[in-house]
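*Asks:* The structure's right below; bear with me while I get my questions together.
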Amino acid sequence: MKEENQSSIKDFLIVGFLDLPQLQVPLWAAFSVIYLSILVGNLVIMATIHSKSQLHTPMYFFLTNLSFTDICYTSVIFPQMLAHYFMGNTHVSFTACLMQVYFFMFFVFVEYILLSVMAFDRYVAVCNPLRYLVIMNKSVCFRLAVGTWAVSSLVPLPHTVLLSHFSFCKSHTINHFFCDLSALMKISCSNTHTIETLTYIIAAVVAFFCFNLIIISYVKIASSIFKIKSKGGKHKAFSTCASHLTVVVIFFGSLLGTYVRPTSTYSMRDTKISSLSYIALTPLCNPIIYSLKNTEFKNALRKKKNTL
């Protein structure tokens with residue numbers, strides 16, 4: 001009877017960082033500042049790009065999508081986490097947990113694929129500058145964006161369906177700061193082999209296409225940059241791609257390092273810390289490394305401030 005009651009759990013307890021009671025107030029303050037900075041930084045990017053016609057180019061179109069994605073997937077995590085800290089209520093329903101798993105995976109895969117599309121965009125800009133606006137026309141950019149969001153919306157469905165049939169007779173305490181898939185598998189008494197295999201297959205398929213696209217794009221970009229004779233031309237071409245490459249390394253490295261390994265090797269404290277690197281660090285840095293270091297964007301932002 002006890003096992004049957006436990007397997008029919010309808011809500012969970014989110015541990016978060018409650019195992020560090022002395023840091024509760026500093027963590028709440030830090031996470032509040034981080035989330036507010038992510039919202040403000042990315043909203044400023046979107047508003048500036050929308051209001052300045054000189055920024056209505058493929059590169060900034062995809063940057064707008066990236067900023068919107070950053071806002072979305074951090075908003076899946078931070079408001080609930082901050083509410084838990086503030087109100088002290090760490091309960092979350094099973095349905096809400098499933099929804100968080102789905103939308104988090106959805107937006108992560110949007111960013112995953114979008115960064116690959118942006119690598120292709122940089123390849124065309126550097127290697128075919130005279131035909132850039134012809135190849136990356138509005139129709140192509142729109143189809144790439146729609147395709148990215150459509151494919152990403154389908155990827156989490158099998159995981160969500162499988163997870164909805166899991167039994168949780170081991171515990172109803174999630175040792176994470178959100179409903180993370182790995183944390184849920186850790187406390188399930190169901191056989192997780194199918195969902196683990198599915199995760200590896202999807203990760204391998206998506207990574208194969210995305211990594212190949214990024215690697216091929218940057219090999220061709222590097223080859224083109226080396227052929228440029230002027231130092232100024234080389235610097236301009238390299239600076240166009242350096243920010244994107246930095247985000248790719250941070251995001252992909254932390255994501256793969258966190259999830260692409262057997263669940264038996266997980267240390268949940270390490271996982272929680274590494275999760276912050278792609279949940280908070282990447283969207284926090286994007287406004288800086290993509291736009292605030294870009295002369296064209298800074299000039300547009302300065303003009304926008306002068307008109308206010």
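In the structure tokens, chains take letters A, B, ... by order of appearance, with residues numbered from 1 within each chain and ligands from 1 in the order shown.
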With a distance cut-off of 10 Å and only C-alpha atoms, select the neighbouring residues of A:Phe12, excluding the residue or stretch itself and same-chain residues fewer than 6 positions from it, and output the selection as number ranges by chain.

*Replies:* A: 90-94, 96-97, 168, 171-174, 179, 184

*Asks:* Choose the residue, out of A:Ser224, A:Ser275, A:Ser37, A:Thr95, that has the smallest atom-to-atom separation from A:Asn128; count only C-alpha atoms.

*Replies:*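 Ranked by minimum distance to A:Asn128, first place goes to A:Ser224.
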
*Asks:* My list of candidates is A:Val33, A:Met105, A:Leu163, A:Leu63. Which is closest to A:Ile45 when distances are computed with only C-alpha atoms?

*Replies:* A:Leu63

*Asks:* Of the candidates A:Leu154, A:Ser190, A:Val126, A:Tyr85, which one gets nearest to A:Gly233 if we count only C-alpha atoms?

*Replies:* A:Val126

*Asks:* Might you pull out every residue within 12 Å of A:Met46, with only C-alpha atoms counted and same-chain residues fewer than 3 positions away left off, and present them as a list in words?

*Replies:*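 Final neighbour list, sorted by chain and number: Leu39, Val40, Gly41, Asn42, Leu43, Ile49, His50, Ser51, Lys52, Leu55, His56, Tyr60, Phe61, Phe62, Leu63, Thr64, Asn65, Leu66, Ser67, Phe68, Thr69, Asp70, Ile71, Pro287, Ser291, Phe297 and Leu301 of chain A.
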
*Asks:* Quick one, how far is atom CA of A:Leu114 from atom CA of A:Ser152?

*Replies:*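 Distance reported for this atom pair: 9.9 Å.
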
*Asks:* As a PyMOL selection string, please: every residue in stretch 70-270 of chain A that DSSP puts in strand (DSSP E or B).

*Replies:* chain A and resi 91-93+173-174

*Asks:* Just want the 9 Å neighbourhood of A:Cys241, counted on only C-alpha atoms, with same-chain residues fewer than 2 positions away dropped. Output as a list in words.

*Replies:* Ala119, Arg122, Tyr123, Val126, Tyr218, Ile221, Ala237, Phe238, Ser239, Ser243, His244, Leu245 and Thr246 of chain A

*Asks:* Restricting it to all heavy atoms, dump the selection as a CSV table (one decimal), in the first residue's frame.

*Replies:*
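Output file selection-v7.csv is given in full below:
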```csv
chain,number,residue,atom,x,y,z
A,119,ALA,N,25.7,30.2,-37.5
A,119,ALA,CA,27.1,29.9,-38.1
A,119,ALA,C,27.0,29.9,-39.6
A,119,ALA,O,27.9,30.4,-40.2
A,119,ALA,CB,27.5,28.5,-37.5
A,122,ARG,N,27.0,33.4,-40.8
A,122,ARG,CA,28.3,34.0,-40.8
A,122,ARG,C,29.2,33.5,-41.9
A,122,ARG,O,30.0,34.2,-42.5
A,122,ARG,CB,29.0,33.7,-39.4
A,122,ARG,CG,28.4,34.4,-38.2
A,122,ARG,CD,28.4,36.0,-38.3
A,122,ARG,NE,27.2,36.5,-39.2
A,122,ARG,CZ,27.2,37.6,-39.9
A,122,ARG,NH1,28.3,38.3,-39.9
A,122,ARG,NH2,26.2,38.0,-40.5
A,123,TYR,N,29.0,32.2,-42.3
A,123,TYR,CA,29.7,31.7,-43.4
A,123,TYR,C,29.4,32.4,-44.7
A,123,TYR,O,30.3,32.8,-45.5
A,123,TYR,CB,29.4,30.2,-43.5
A,123,TYR,CG,29.6,29.6,-44.9
A,123,TYR,CD1,30.8,29.5,-45.5
A,123,TYR,CD2,28.5,29.3,-45.7
A,123,TYR,CE1,31.0,29.0,-46.8
A,123,TYR,CE2,28.6,28.8,-47.0
A,123,TYR,CZ,29.9,28.7,-47.5
A,123,TYR,OH,30.0,28.3,-48.8
A,126,VAL,N,30.8,36.1,-44.7
A,126,VAL,CA,32.3,36.2,-44.8
A,126,VAL,C,32.8,35.6,-46.2
A,126,VAL,O,33.6,36.2,-46.8
A,126,VAL,CB,33.0,35.4,-43.7
A,126,VAL,CG1,34.5,35.4,-43.9
A,126,VAL,CG2,32.7,36.1,-42.4
A,218,TYR,N,32.9,27.1,-40.1
A,218,TYR,CA,34.1,27.8,-39.6
A,218,TYR,C,35.4,27.4,-40.3
A,218,TYR,O,36.3,28.2,-40.4
A,218,TYR,CB,34.2,27.7,-38.1
A,218,TYR,CG,33.3,28.7,-37.4
A,218,TYR,CD1,32.1,28.4,-36.8
A,218,TYR,CD2,33.8,30.0,-37.3
A,218,TYR,CE1,31.3,29.4,-36.2
A,218,TYR,CE2,33.1,31.0,-36.7
A,218,TYR,CZ,31.8,30.7,-36.1
A,218,TYR,OH,31.1,31.7,-35.5
A,221,ILE,N,35.2,29.6,-43.2
A,221,ILE,CA,35.4,31.0,-42.8
A,221,ILE,C,36.9,31.3,-42.6
A,221,ILE,O,37.4,32.3,-43.0
A,221,ILE,CB,34.5,31.3,-41.5
A,221,ILE,CG1,33.1,31.4,-41.9
A,221,ILE,CG2,35.0,32.6,-40.8
A,221,ILE,CD1,32.2,31.5,-40.6
A,237,ALA,N,36.5,40.6,-40.3
A,237,ALA,CA,35.9,39.3,-40.6
A,237,ALA,C,35.9,38.4,-39.4
A,237,ALA,O,34.9,37.8,-39.0
A,237,ALA,CB,36.6,38.6,-41.8
A,238,PHE,N,37.1,38.5,-38.7
A,238,PHE,CA,37.2,37.6,-37.5
A,238,PHE,C,36.3,38.1,-36.3
A,238,PHE,O,35.6,37.3,-35.7
A,238,PHE,CB,38.6,37.6,-37.0
A,238,PHE,CG,38.9,36.9,-35.7
A,238,PHE,CD1,38.9,35.5,-35.7
A,238,PHE,CD2,39.0,37.5,-34.5
A,238,PHE,CE1,39.1,34.7,-34.6
A,238,PHE,CE2,39.2,36.8,-33.3
A,238,PHE,CZ,39.2,35.4,-33.4
A,239,SER,N,36.2,39.4,-36.2
A,239,SER,CA,35.4,40.0,-35.1
A,239,SER,C,33.9,39.7,-35.3
A,239,SER,O,33.1,39.6,-34.4
A,239,SER,CB,35.6,41.5,-35.0
A,239,SER,OG,35.2,42.1,-36.1
A,243,SER,N,32.4,36.4,-31.6
A,243,SER,CA,31.3,36.5,-30.5
A,243,SER,C,30.4,35.2,-30.6
A,243,SER,O,30.1,34.6,-29.6
A,243,SER,CB,30.5,37.7,-30.6
A,243,SER,OG,30.0,37.9,-31.9
A,244,HIS,N,30.1,34.9,-31.9
A,244,HIS,CA,29.2,33.7,-32.1
A,244,HIS,C,29.9,32.4,-31.6
A,244,HIS,O,29.4,31.6,-30.9
A,244,HIS,CB,28.8,33.6,-33.5
A,244,HIS,CG,28.1,32.3,-33.9
A,244,HIS,ND1,28.8,31.2,-34.4
A,244,HIS,CD2,26.8,31.9,-33.7
A,244,HIS,CE1,27.9,30.2,-34.5
A,244,HIS,NE2,26.7,30.6,-34.1
A,245,LEU,N,31.2,32.3,-32.0
A,245,LEU,CA,32.0,31.1,-31.6
A,245,LEU,C,32.1,31.0,-30.1
A,245,LEU,O,32.1,29.9,-29.5
A,245,LEU,CB,33.4,31.2,-32.3
A,245,LEU,CG,34.2,29.9,-32.3
A,245,LEU,CD1,33.4,28.8,-32.9
A,245,LEU,CD2,35.5,30.1,-33.0
A,246,THR,N,32.3,32.1,-29.4
A,246,THR,CA,32.4,32.1,-27.9
A,246,THR,C,31.1,31.6,-27.3
A,246,THR,O,31.2,30.8,-26.4
A,246,THR,CB,32.6,33.6,-27.4
A,246,THR,OG1,33.8,34.1,-28.0
A,246,THR,CG2,32.8,33.6,-25.9
```

*Asks:* Quick one: pull the distance between atom CA of A:Phe17 and atom CA of A:Ser182, Å, one decimal.

*Replies:*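 Those two atoms sit 16.8 Å apart.
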
*Asks:* Please list as a list in words every residue within 12 Å of A:Ile215, counting only C-alpha atoms and excluding residues in the same chain fewer than 3 positions away.

*Replies:*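 Surrounding residues, per the criterion: Ser116, Val117, Ala119, Phe120, Tyr123, Ala207, Phe208, Phe209, Cys210, Phe211, Asn212, Tyr218, Val219, Lys220, Ile221, Ala222, Leu245, Val248 and Val249 of chain A.
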
*Asks:* Would you mind reading off the distance between atom CA of A:Asn175 and atom CA of A:Ile201, one decimal, in Å?

*Replies:*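 Between atom CA of A:Asn175 and atom CA of A:Ile201 the gap works out to 25.6 Å.
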
*Asks:* Please identify the helix (DSSP H, G or I) residues within stretch 85-281 of chain A (assignment by DSSP from backbone atoms) and present them as a PyMOL selection string.

*Replies:* chain A and resi 85-87+94-127+129-135+138-154+157-164+181-187+193-227+231-259+263-265+268-281
